[in-house]
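Below: model.cif (mmCIF, C-alpha atoms)
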```
data_run
loop_
_atom_site.label_atom_id
_atom_site.label_comp_id
_atom_site.auth_asym_id
_atom_site.auth_seq_id
_atom_site.Cartn_x
_atom_site.Cartn_y
_atom_site.Cartn_z
CA MET A 1 10.42 10.57 78.44
CA PRO A 2 9.26 12.67 81.46
CA LYS A 3 11.82 13.48 84.15
CA ALA A 4 12.05 11.11 87.10
CA VAL A 5 11.15 12.01 90.69
CA GLY A 6 13.41 9.30 92.09
CA PHE A 7 13.98 5.71 93.06
CA VAL A 8 12.09 4.06 95.91
CA LYS A 9 14.28 4.19 99.00
CA LYS A 10 11.77 3.00 101.64
CA VAL A 11 8.18 2.02 102.26
CA VAL A 12 7.42 4.11 105.33
CA ILE A 13 4.60 2.81 107.54
CA PRO A 14 3.37 4.54 110.70
CA LYS A 15 4.25 2.33 113.69
CA LYS A 16 1.18 1.48 115.80
CA PRO A 17 0.59 -0.37 119.08
CA LEU A 18 0.01 -4.05 118.31
CA ASP A 19 -3.51 -4.12 119.64
CA VAL A 20 -4.43 -2.31 116.42
CA LEU A 21 -4.11 -5.77 114.90
CA LEU A 22 -7.06 -7.12 116.90
CA PRO A 23 -9.81 -8.26 117.02
CA PHE A 24 -9.01 -11.35 115.04
CA TYR A 25 -5.69 -13.03 114.49
CA ASP A 26 -5.25 -16.76 114.26
CA SER A 27 -1.65 -17.85 113.99
CA ASP A 28 -2.89 -21.42 113.40
CA GLU A 29 -3.72 -20.26 109.88
CA THR A 30 -0.06 -20.49 109.01
CA THR A 31 0.75 -23.81 110.65
CA VAL A 32 2.91 -25.53 108.04
CA GLU A 33 1.43 -28.79 106.77
CA LYS A 34 4.11 -29.76 104.23
CA VAL A 35 7.13 -28.38 102.40
CA LEU A 36 6.55 -29.11 98.72
CA LYS A 37 9.76 -27.92 97.13
CA GLU A 38 12.57 -25.46 97.55
CA ASP A 39 14.76 -23.28 95.42
CA GLU A 40 17.76 -21.18 96.33
CA ASN A 41 15.99 -18.78 98.69
CA LEU A 42 12.39 -19.94 98.92
CA LEU A 43 10.39 -22.80 100.32
CA TYR A 44 7.04 -23.67 98.77
CA VAL A 45 4.71 -24.86 101.52
CA THR A 46 1.08 -25.74 102.19
CA PHE A 47 -0.54 -24.47 105.35
CA LEU A 48 -3.17 -26.34 107.39
CA ALA A 49 -5.64 -23.63 106.40
CA GLY A 50 -5.48 -24.99 102.86
CA LEU A 51 -3.24 -22.35 101.37
CA GLU A 52 -0.09 -22.69 99.29
CA ALA A 53 2.58 -20.03 99.72
CA SER A 54 6.23 -19.32 99.18
CA LEU A 55 8.29 -18.42 102.24
CA ARG A 56 11.84 -17.23 102.59
CA LYS A 57 13.99 -20.05 103.97
CA LYS A 58 15.26 -17.76 106.70
CA ASP A 59 11.67 -17.13 107.86
CA ILE A 60 10.54 -20.78 108.12
CA TYR A 61 11.14 -20.77 111.89
CA LEU A 62 8.43 -18.10 112.23
CA TYR A 63 5.76 -20.63 111.32
CA LYS A 64 4.39 -23.41 113.52
CA ASN A 65 5.72 -26.82 112.37
CA GLY A 66 7.94 -24.98 109.87
CA GLU A 67 11.27 -26.42 111.00
CA ILE A 68 9.92 -29.93 111.47
CA CYS A 69 8.32 -30.01 108.03
CA TYR A 70 11.48 -28.69 106.42
CA GLN A 71 13.58 -31.40 108.10
CA LYS A 72 11.11 -34.03 106.88
CA TYR A 73 11.36 -32.58 103.37
CA LEU A 74 15.16 -32.75 103.43
CA LYS A 75 15.02 -36.34 104.70
CA ARG A 76 12.66 -37.27 101.81
CA LYS A 77 14.96 -35.51 99.37
CA ARG A 78 18.05 -37.37 100.65
CA ARG A 79 16.19 -40.69 100.47
CA VAL A 80 15.26 -40.01 96.83
CA ILE A 81 18.89 -39.19 96.02
CA ASP A 82 20.11 -42.37 97.81
CA ASP A 83 17.54 -44.51 95.95
CA ASP A 84 18.64 -43.01 92.61
CA SER A 85 22.30 -43.74 93.29
CA ASP A 86 21.46 -47.35 94.33
CA TYR A 87 19.49 -47.67 91.09
CA ASP A 88 22.47 -46.40 89.07
CA ALA A 89 24.82 -48.77 90.93
CA ASP A 90 22.61 -51.78 90.18
CA ARG A 91 22.65 -51.30 86.43
CA PHE B 1 2.05 -11.18 121.29
CA LEU B 2 -0.20 -13.72 122.99
CA ASN B 3 -3.01 -11.27 123.51
CA LEU B 4 -3.35 -11.22 119.74
CA ARG B 5 -5.05 -14.59 120.05
CA LYS B 6 -8.35 -12.89 120.91
CA LYS B 7 -10.79 -14.20 118.28
CA SER B 8 -14.08 -12.83 116.96
CA ASN B 9 -16.75 -15.05 115.38
CA PHE B 10 -15.72 -13.91 111.89
CA ASN B 11 -14.21 -16.68 109.74
CA PRO B 12 -12.31 -15.40 106.68
CA PRO B 13 -13.32 -17.44 103.57
CA PHE B 14 -10.22 -19.59 103.15
CA ASN B 15 -12.05 -21.69 100.59
CA GLU B 16 -12.17 -18.65 98.26
CA SER B 17 -9.07 -18.59 96.04
CA SER B 18 -9.08 -14.76 95.92
CA TRP B 19 -10.15 -12.16 98.45
CA GLU B 20 -9.54 -9.22 96.11
CA ASP B 21 -13.25 -8.44 95.67
CA LEU B 22 -14.20 -9.28 99.27
CA VAL B 23 -11.64 -7.05 101.00
CA ASP B 24 -12.11 -3.30 101.09
CA ARG B 25 -8.56 -2.33 102.02
CA VAL B 26 -5.44 -3.04 104.01
CA GLU B 27 -5.67 -0.87 107.12
CA THR B 28 -2.15 -1.37 108.43
CA VAL B 29 0.92 -3.56 108.32
CA GLN B 30 2.95 -4.08 111.47
CA LYS B 31 6.03 -6.12 112.33
CA LEU B 32 6.31 -8.26 115.45
CA LYS B 33 9.49 -8.52 117.49
CA ASN B 34 10.21 -11.93 115.99
CA GLY B 35 10.19 -10.41 112.52
CA LYS B 36 6.79 -11.68 111.45
CA ILE B 37 4.79 -9.19 109.38
CA LEU B 38 1.06 -9.00 110.13
CA VAL B 39 -1.55 -7.33 107.94
CA LYS B 40 -4.89 -5.97 109.11
CA LEU B 41 -7.70 -6.17 106.57
CA HIS B 42 -11.00 -4.32 106.40
CA TRP B 43 -13.61 -6.41 104.64
CA LYS B 44 -16.48 -5.07 102.52
CA ASN B 45 -18.88 -6.76 104.95
CA GLY B 46 -17.59 -4.45 107.67
CA GLN B 47 -15.52 -7.13 109.43
CA GLN B 48 -11.84 -6.80 110.29
CA SER B 49 -9.19 -9.52 110.55
CA THR B 50 -5.42 -9.82 110.82
CA HIS B 51 -3.26 -12.31 108.96
CA ASP B 52 0.33 -13.26 108.29
CA ASN B 53 1.61 -11.36 105.28
CA VAL B 54 2.07 -14.61 103.31
CA VAL B 55 -1.68 -15.24 103.52
CA VAL B 56 -2.41 -11.76 102.14
CA HIS B 57 0.25 -12.25 99.44
CA GLN B 58 -1.74 -15.22 98.15
CA LYS B 59 -5.31 -14.06 98.78
CA CYS B 60 -5.28 -10.35 97.90
CA PRO B 61 -1.84 -9.26 96.61
CA LEU B 62 -3.20 -6.17 94.82
CA HIS B 63 -4.55 -4.75 98.08
CA ILE B 64 -1.23 -5.00 99.88
CA ILE B 65 0.64 -3.64 96.84
CA ARG B 66 -1.72 -0.64 96.82
CA PHE B 67 -1.07 -0.10 100.54
CA TYR B 68 2.70 -0.22 100.03
CA GLU B 69 2.54 2.07 96.99
CA ASP B 70 0.59 4.57 99.06
CA HIS B 71 3.55 4.67 101.48
CA LEU B 72 6.51 4.92 99.11
CA SER B 73 9.34 7.28 99.93
CA PHE B 74 11.76 8.26 97.16
CA GLN B 75 15.38 9.18 96.86
CA GLU B 76 15.19 12.52 95.05
CA GLU B 77 17.19 12.54 91.79
CA PHE C 1 17.86 7.42 82.19
CA LEU C 2 18.26 7.74 78.42
CA ASN C 3 19.83 4.28 78.22
CA LEU C 4 16.29 2.99 78.38
CA ARG C 5 16.08 3.95 74.75
CA LYS C 6 18.78 1.44 73.85
CA LYS C 7 16.43 -1.26 72.62
CA SER C 8 17.72 -4.71 73.62
CA ASN C 9 16.45 -7.65 71.58
CA PHE C 10 14.84 -9.16 74.69
CA ASN C 11 11.07 -9.44 74.43
CA PRO C 12 9.35 -10.11 77.77
CA PRO C 13 6.88 -13.05 77.39
CA PHE C 14 3.62 -11.10 77.51
CA ASN C 15 1.78 -14.24 76.41
CA GLU C 16 2.73 -15.92 79.71
CA SER C 17 0.06 -15.32 82.38
CA SER C 18 2.64 -15.31 85.19
CA TRP C 19 6.26 -14.21 85.30
CA GLU C 20 6.77 -15.31 88.91
CA ASP C 21 9.08 -18.21 87.97
CA LEU C 22 10.80 -16.36 85.10
CA VAL C 23 11.79 -13.21 87.00
CA ASP C 24 14.63 -13.31 89.49
CA ARG C 25 13.87 -10.06 91.30
CA VAL C 26 12.65 -6.48 91.14
CA GLU C 27 15.78 -4.37 90.78
CA THR C 28 14.35 -0.84 91.22
CA VAL C 29 11.08 1.05 91.46
CA GLN C 30 11.13 4.59 90.14
CA LYS C 31 8.53 7.38 90.08
CA LEU C 32 8.25 9.82 87.21
CA LYS C 33 7.13 13.45 87.44
CA ASN C 34 3.88 12.53 85.68
CA GLY C 35 3.09 10.16 88.54
CA LYS C 36 3.84 6.95 86.67
CA ILE C 37 5.76 4.25 88.55
CA LEU C 38 8.28 2.21 86.59
CA VAL C 39 9.64 -1.14 87.76
CA LYS C 40 12.93 -2.62 86.55
CA LEU C 41 12.96 -6.42 86.48
CA HIS C 42 15.96 -8.73 86.52
CA TRP C 43 15.10 -11.98 84.74
CA LYS C 44 16.50 -15.43 85.51
CA ASN C 45 17.91 -15.52 81.97
CA GLY C 46 20.08 -12.53 82.88
CA GLN C 47 18.02 -10.02 80.90
CA GLN C 48 16.54 -6.81 82.31
CA SER C 49 13.39 -4.92 81.33
CA THR C 50 11.38 -1.98 82.64
CA HIS C 51 7.61 -1.88 82.92
CA ASP C 52 4.73 0.14 84.23
CA ASN C 53 3.96 -0.99 87.78
CA VAL C 54 0.46 -2.15 86.81
CA VAL C 55 2.01 -4.69 84.43
CA VAL C 56 4.17 -6.05 87.25
CA HIS C 57 1.16 -6.13 89.58
CA GLN C 58 -0.49 -8.58 87.19
CA LYS C 59 2.49 -10.59 85.99
CA CYS C 60 4.61 -11.04 89.14
CA PRO C 61 2.94 -9.47 92.19
CA LEU C 62 4.94 -11.56 94.67
CA HIS C 63 8.21 -10.13 93.38
CA ILE C 64 7.18 -6.52 93.82
CA ILE C 65 5.66 -7.30 97.23
CA ARG C 66 8.98 -8.88 98.25
CA PHE C 67 10.83 -5.75 97.04
CA TYR C 68 8.53 -3.49 99.07
CA GLU C 69 8.80 -5.71 102.16
CA ASP C 70 12.58 -5.62 101.86
CA HIS C 71 12.33 -1.84 102.09
CA LEU C 72 9.86 -1.57 104.96
CA SER C 73 10.52 1.07 107.58
CA PHE C 74 8.24 1.67 110.59
CA GLN C 75 8.13 5.24 111.84
CA GLU C 76 6.79 6.37 115.23
CA GLU C 77 3.66 8.49 114.73
#
```

I need this file expressed as structure tokens, please.
Amino acid sequence: MPKAVGFVKKVVIPKKPLDVLLPFYDSDETTVEKVLKEDENLLYVTFLAGLEASLRKKDIYLYKNGEICYQKYLKRKRRVIDDDSDYDADR
Amino acid sequence: FLNLRKKSNFNPPFNESSWEDLVDRVETVQKLKNGKILVKLHWKNGQQSTHDNVVVHQKCPLHIIRFYEDHLSFQEE
Amino acid sequence: FLNLRKKSNFNPPFNESSWEDLVDRVETVQKLKNGKILVKLHWKNGQQSTHDNVVVHQKCPLHIIRFYEDHLSFQEE
């Protein structure tokens, strides 16, 4: 097995003035339409632009409608849990 | 950040599931003050556009991986 | 580095088209003198395995992108 150079420490990117990012940026692309599911660290969302993606929970606030959609998701989740417990109680 | 809203008439093909063959390369990746990571793409048709990193993750992951692997820095052993 | 030789009985599911949901994270990325890049994966079942980066590009690109983006550093030109 050949000798190793080393482990990745950093990904070093030259910092540039933000107008390098022009001419076209449309933040509406990542307007959150719906939170589909979650796991420990990630949220699985659909964007209005018709794209499905996984986002870090801590980053959801970076996206338009992100917080609102996540709250709606949690409300739906709680309602499902409540319905299940009512169902169990009835039997 | 607001001046980034300046649009051109180019509309990236969101209906395409993959942009791997349509994009030439990632030109740069930059981070905004709020922590959002933006990626500038050069398309094979000569156009340029900038997107949230999560869009590029889904549409052309191999391009952004290549960009990152071209900028790796190692801890010498 | 020799402990790589210790063959564990874990066989990564090469028949699966995607490992995104099976892998927990990329643990390390290492470059060899011959230029190869090796990626160590930590699986959700607690196992670990090491692969050529091109395998990881195909099987779980989002995990290696997340690793790289966790190690981003922006340097003044």

Cut-off 8 Å: closest chain C/chain A atom pairs per residue, using all atoms listed in the file, as CSV:
```
residue,atom,partner,partner_atom,distance
C:Thr28,CA,A:Phe7,CA,6.8
C:Val29,CA,A:Val8,CA,5.5
C:Gln30,CA,A:Phe7,CA,4.2
C:Lys31,CA,A:Val5,CA,5.4
C:Leu32,CA,A:Ala4,CA,4.0
C:Lys33,CA,A:Val5,CA,5.4
C:Asn34,CA,A:Pro2,CA,6.8
C:Tyr68,CA,A:Val11,CA,6.4
C:Glu69,CA,A:Val11,CA,7.8
C:His71,CA,A:Lys10,CA,4.9
C:Leu72,CA,A:Val11,CA,4.8
C:Ser73,CA,A:Val12,CA,4.9
C:Phe74,CA,A:Ile13,CA,4.9
C:Gln75,CA,A:Pro14,CA,4.9
C:Glu76,CA,A:Lys15,CA,5.0
C:Glu77,CA,A:Pro14,CA,5.7
```

Problem set entry | Expansion of the PyMOL selection byres ((chain B) within 7 of (chain C)) into residues, as number ranges by chain | B: 57, 61-62, 65, 68

Problem set entry | Neighbours of point (4.4, -11.4, 81.8) within 8 Å, using all atoms listed in the file, written as a list of chain:residue names |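 Looking at atoms near the point gives C:Pro12, C:Pro13, C:Phe14, C:Asn15, C:Glu16, C:Ser17, C:Ser18, C:Trp19, C:Val55, C:Val56, C:Gln58, C:Lys59, C:Cys60.
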
Would you write out chain C as a CSV table (one decimal) with C-alpha atoms, in the frame of the given file, after superposing it on chain B by least squares over all in-order Cα pairs?
```csv
chain,number,residue,atom,x,y,z
C,1,PHE,CA,-1.1,-6.3,120.7
C,2,LEU,CA,-2.6,-8.8,123.1
C,3,ASN,CA,-6.1,-8.1,121.8
C,4,LEU,CA,-5.2,-10.3,118.9
C,5,ARG,CA,-5.9,-13.2,121.3
C,6,LYS,CA,-9.5,-12.2,121.6
C,7,LYS,CA,-10.9,-14.7,119.2
C,8,SER,CA,-13.7,-13.2,117.1
C,9,ASN,CA,-16.1,-15.7,115.5
C,10,PHE,CA,-15.2,-14.4,112.1
C,11,ASN,CA,-13.6,-17.1,109.9
C,12,PRO,CA,-11.9,-15.7,106.8
C,13,PRO,CA,-13.0,-17.7,103.7
C,14,PHE,CA,-9.8,-19.7,103.1
C,15,ASN,CA,-11.7,-21.8,100.6
C,16,GLU,CA,-12.1,-18.8,98.3
C,17,SER,CA,-9.2,-18.5,95.8
C,18,SER,CA,-9.4,-14.7,95.9
C,19,TRP,CA,-10.3,-12.2,98.5
C,20,GLU,CA,-10.0,-9.1,96.3
C,21,ASP,CA,-13.7,-8.4,96.2
C,22,LEU,CA,-14.4,-9.4,99.8
C,23,VAL,CA,-11.7,-7.2,101.4
C,24,ASP,CA,-12.2,-3.5,101.7
C,25,ARG,CA,-8.6,-2.5,102.4
C,26,VAL,CA,-5.3,-3.3,104.2
C,27,GLU,CA,-5.5,-1.5,107.5
C,28,THR,CA,-1.9,-2.0,108.8
C,29,VAL,CA,1.3,-3.9,108.0
C,30,GLN,CA,3.4,-4.8,111.0
C,31,LYS,CA,6.8,-6.4,111.4
C,32,LEU,CA,7.7,-8.7,114.3
C,33,LYS,CA,11.1,-9.1,115.9
C,34,ASN,CA,11.3,-12.6,114.4
C,35,GLY,CA,11.1,-11.1,111.0
C,36,LYS,CA,7.5,-12.1,110.3
C,37,ILE,CA,5.2,-9.5,108.6
C,38,LEU,CA,1.6,-9.4,109.7
C,39,VAL,CA,-1.1,-7.7,107.7
C,40,LYS,CA,-4.4,-6.5,109.2
C,41,LEU,CA,-7.3,-6.7,106.8
C,42,HIS,CA,-10.6,-4.7,106.9
C,43,TRP,CA,-13.4,-6.7,105.2
C,44,LYS,CA,-16.4,-5.3,103.4
C,45,ASN,CA,-18.6,-7.1,105.9
C,46,GLY,CA,-17.1,-4.9,108.6
C,47,GLN,CA,-14.9,-7.7,110.1
C,48,GLN,CA,-11.2,-7.5,110.7
C,49,SER,CA,-8.5,-10.2,110.6
C,50,THR,CA,-4.8,-10.5,110.7
C,51,HIS,CA,-2.6,-12.7,108.5
C,52,ASP,CA,0.9,-13.5,107.6
C,53,ASN,CA,1.9,-11.4,104.6
C,54,VAL,CA,2.4,-14.5,102.4
C,55,VAL,CA,-1.3,-15.3,102.8
C,56,VAL,CA,-2.3,-11.8,101.7
C,57,HIS,CA,0.1,-12.0,98.8
C,58,GLN,CA,-1.9,-15.0,97.5
C,59,LYS,CA,-5.4,-14.0,98.4
C,60,CYS,CA,-5.5,-10.3,97.7
C,61,PRO,CA,-2.2,-9.0,96.2
C,62,LEU,CA,-3.8,-5.9,94.7
C,63,HIS,CA,-4.9,-4.7,98.2
C,64,ILE,CA,-1.5,-4.9,99.7
C,65,ILE,CA,0.1,-3.3,96.6
C,66,ARG,CA,-2.4,-0.4,96.9
C,67,PHE,CA,-1.4,-0.1,100.6
C,68,TYR,CA,2.3,0.0,99.7
C,69,GLU,CA,1.7,2.5,96.9
C,70,ASP,CA,-0.3,4.7,99.2
C,71,HIS,CA,2.8,4.9,101.4
C,72,LEU,CA,5.5,5.4,98.7
C,73,SER,CA,8.2,7.9,99.5
C,74,PHE,CA,11.0,8.7,97.1
C,75,GLN,CA,14.3,9.7,98.7
C,76,GLU,CA,17.2,11.4,96.9
C,77,GLU,CA,20.2,9.1,96.8
```

For this session: Could you state which residues are captured by the PyMOL selection byres ((chain C and resi 51) around 6) in this file, as a list in words?
Result: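 Applying the expression gives Leu38, Val39, Thr50 and Asp52 of chain C.
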
Mind dumping the selected residues with C-alpha atoms as a short mmCIF file (atom, residue, chain, number, x, y, z; two decimals), in the frame of the given file?
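Writing done, so here's part_30.cif:
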```
data_model
loop_
_atom_site.label_atom_id
_atom_site.label_comp_id
_atom_site.auth_asym_id
_atom_site.auth_seq_id
_atom_site.Cartn_x
_atom_site.Cartn_y
_atom_site.Cartn_z
CA LEU C 38 8.28 2.21 86.59
CA VAL C 39 9.64 -1.14 87.76
CA THR C 50 11.38 -1.98 82.64
CA ASP C 52 4.73 0.14 84.23
#
```

Around all the atoms of range 58-67 of chain C listed in the file, draw an axis-aligned box and extend it by 4 Å on each of the six sides; I want its centre and edge lengths in Å to one decimal, as AutoDock Vina command-line options.
```
--center_x 5.2 --center_y -8.7 --center_z 92.1 --size_x 19.3 --size_y 13.8 --size_z 20.3
```

Problem set entry | Residues returned when the PyMOL selection byres ((chain A and resi 45) around 6) runs on this file, as a PyMOL selection string | chain A and resi 34-36+44+46+52-53

Taking (10.6, -30.2, 106.3) in the file's own coordinates, collect the residues within 12 Å, counting all atoms listed in the file, and hand them back as a PDB file with C-alpha atoms, keeping the file's coordinate frame.
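Once everything was written out, this is out_36.pdb:
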```pdb
ATOM      1  CA  VAL A  32       2.910 -25.530 108.040  1.00  0.00           C
ATOM      2  CA  GLU A  33       1.430 -28.790 106.770  1.00  0.00           C
ATOM      3  CA  LYS A  34       4.110 -29.760 104.230  1.00  0.00           C
ATOM      4  CA  VAL A  35       7.130 -28.380 102.400  1.00  0.00           C
ATOM      5  CA  LEU A  36       6.550 -29.110  98.720  1.00  0.00           C
ATOM      6  CA  LYS A  37       9.760 -27.920  97.130  1.00  0.00           C
ATOM      7  CA  GLU A  38      12.570 -25.460  97.550  1.00  0.00           C
ATOM      8  CA  LEU A  43      10.390 -22.800 100.320  1.00  0.00           C
ATOM      9  CA  TYR A  44       7.040 -23.670  98.770  1.00  0.00           C
ATOM     10  CA  VAL A  45       4.710 -24.860 101.520  1.00  0.00           C
ATOM     11  CA  THR A  46       1.080 -25.740 102.190  1.00  0.00           C
ATOM     12  CA  LYS A  57      13.990 -20.050 103.970  1.00  0.00           C
ATOM     13  CA  ILE A  60      10.540 -20.780 108.120  1.00  0.00           C
ATOM     14  CA  TYR A  61      11.140 -20.770 111.890  1.00  0.00           C
ATOM     15  CA  TYR A  63       5.760 -20.630 111.320  1.00  0.00           C
ATOM     16  CA  LYS A  64       4.390 -23.410 113.520  1.00  0.00           C
ATOM     17  CA  ASN A  65       5.720 -26.820 112.370  1.00  0.00           C
ATOM     18  CA  GLY A  66       7.940 -24.980 109.870  1.00  0.00           C
ATOM     19  CA  GLU A  67      11.270 -26.420 111.000  1.00  0.00           C
ATOM     20  CA  ILE A  68       9.920 -29.930 111.470  1.00  0.00           C
ATOM     21  CA  CYS A  69       8.320 -30.010 108.030  1.00  0.00           C
ATOM     22  CA  TYR A  70      11.480 -28.690 106.420  1.00  0.00           C
ATOM     23  CA  GLN A  71      13.580 -31.400 108.100  1.00  0.00           C
ATOM     24  CA  LYS A  72      11.110 -34.030 106.880  1.00  0.00           C
ATOM     25  CA  TYR A  73      11.360 -32.580 103.370  1.00  0.00           C
ATOM     26  CA  LEU A  74      15.160 -32.750 103.430  1.00  0.00           C
ATOM     27  CA  LYS A  75      15.020 -36.340 104.700  1.00  0.00           C
ATOM     28  CA  ARG A  76      12.660 -37.270 101.810  1.00  0.00           C
ATOM     29  CA  LYS A  77      14.960 -35.510  99.370  1.00  0.00           C
ATOM     30  CA  ARG A  78      18.050 -37.370 100.650  1.00  0.00           C
TER      31      ARG A  78
END
```
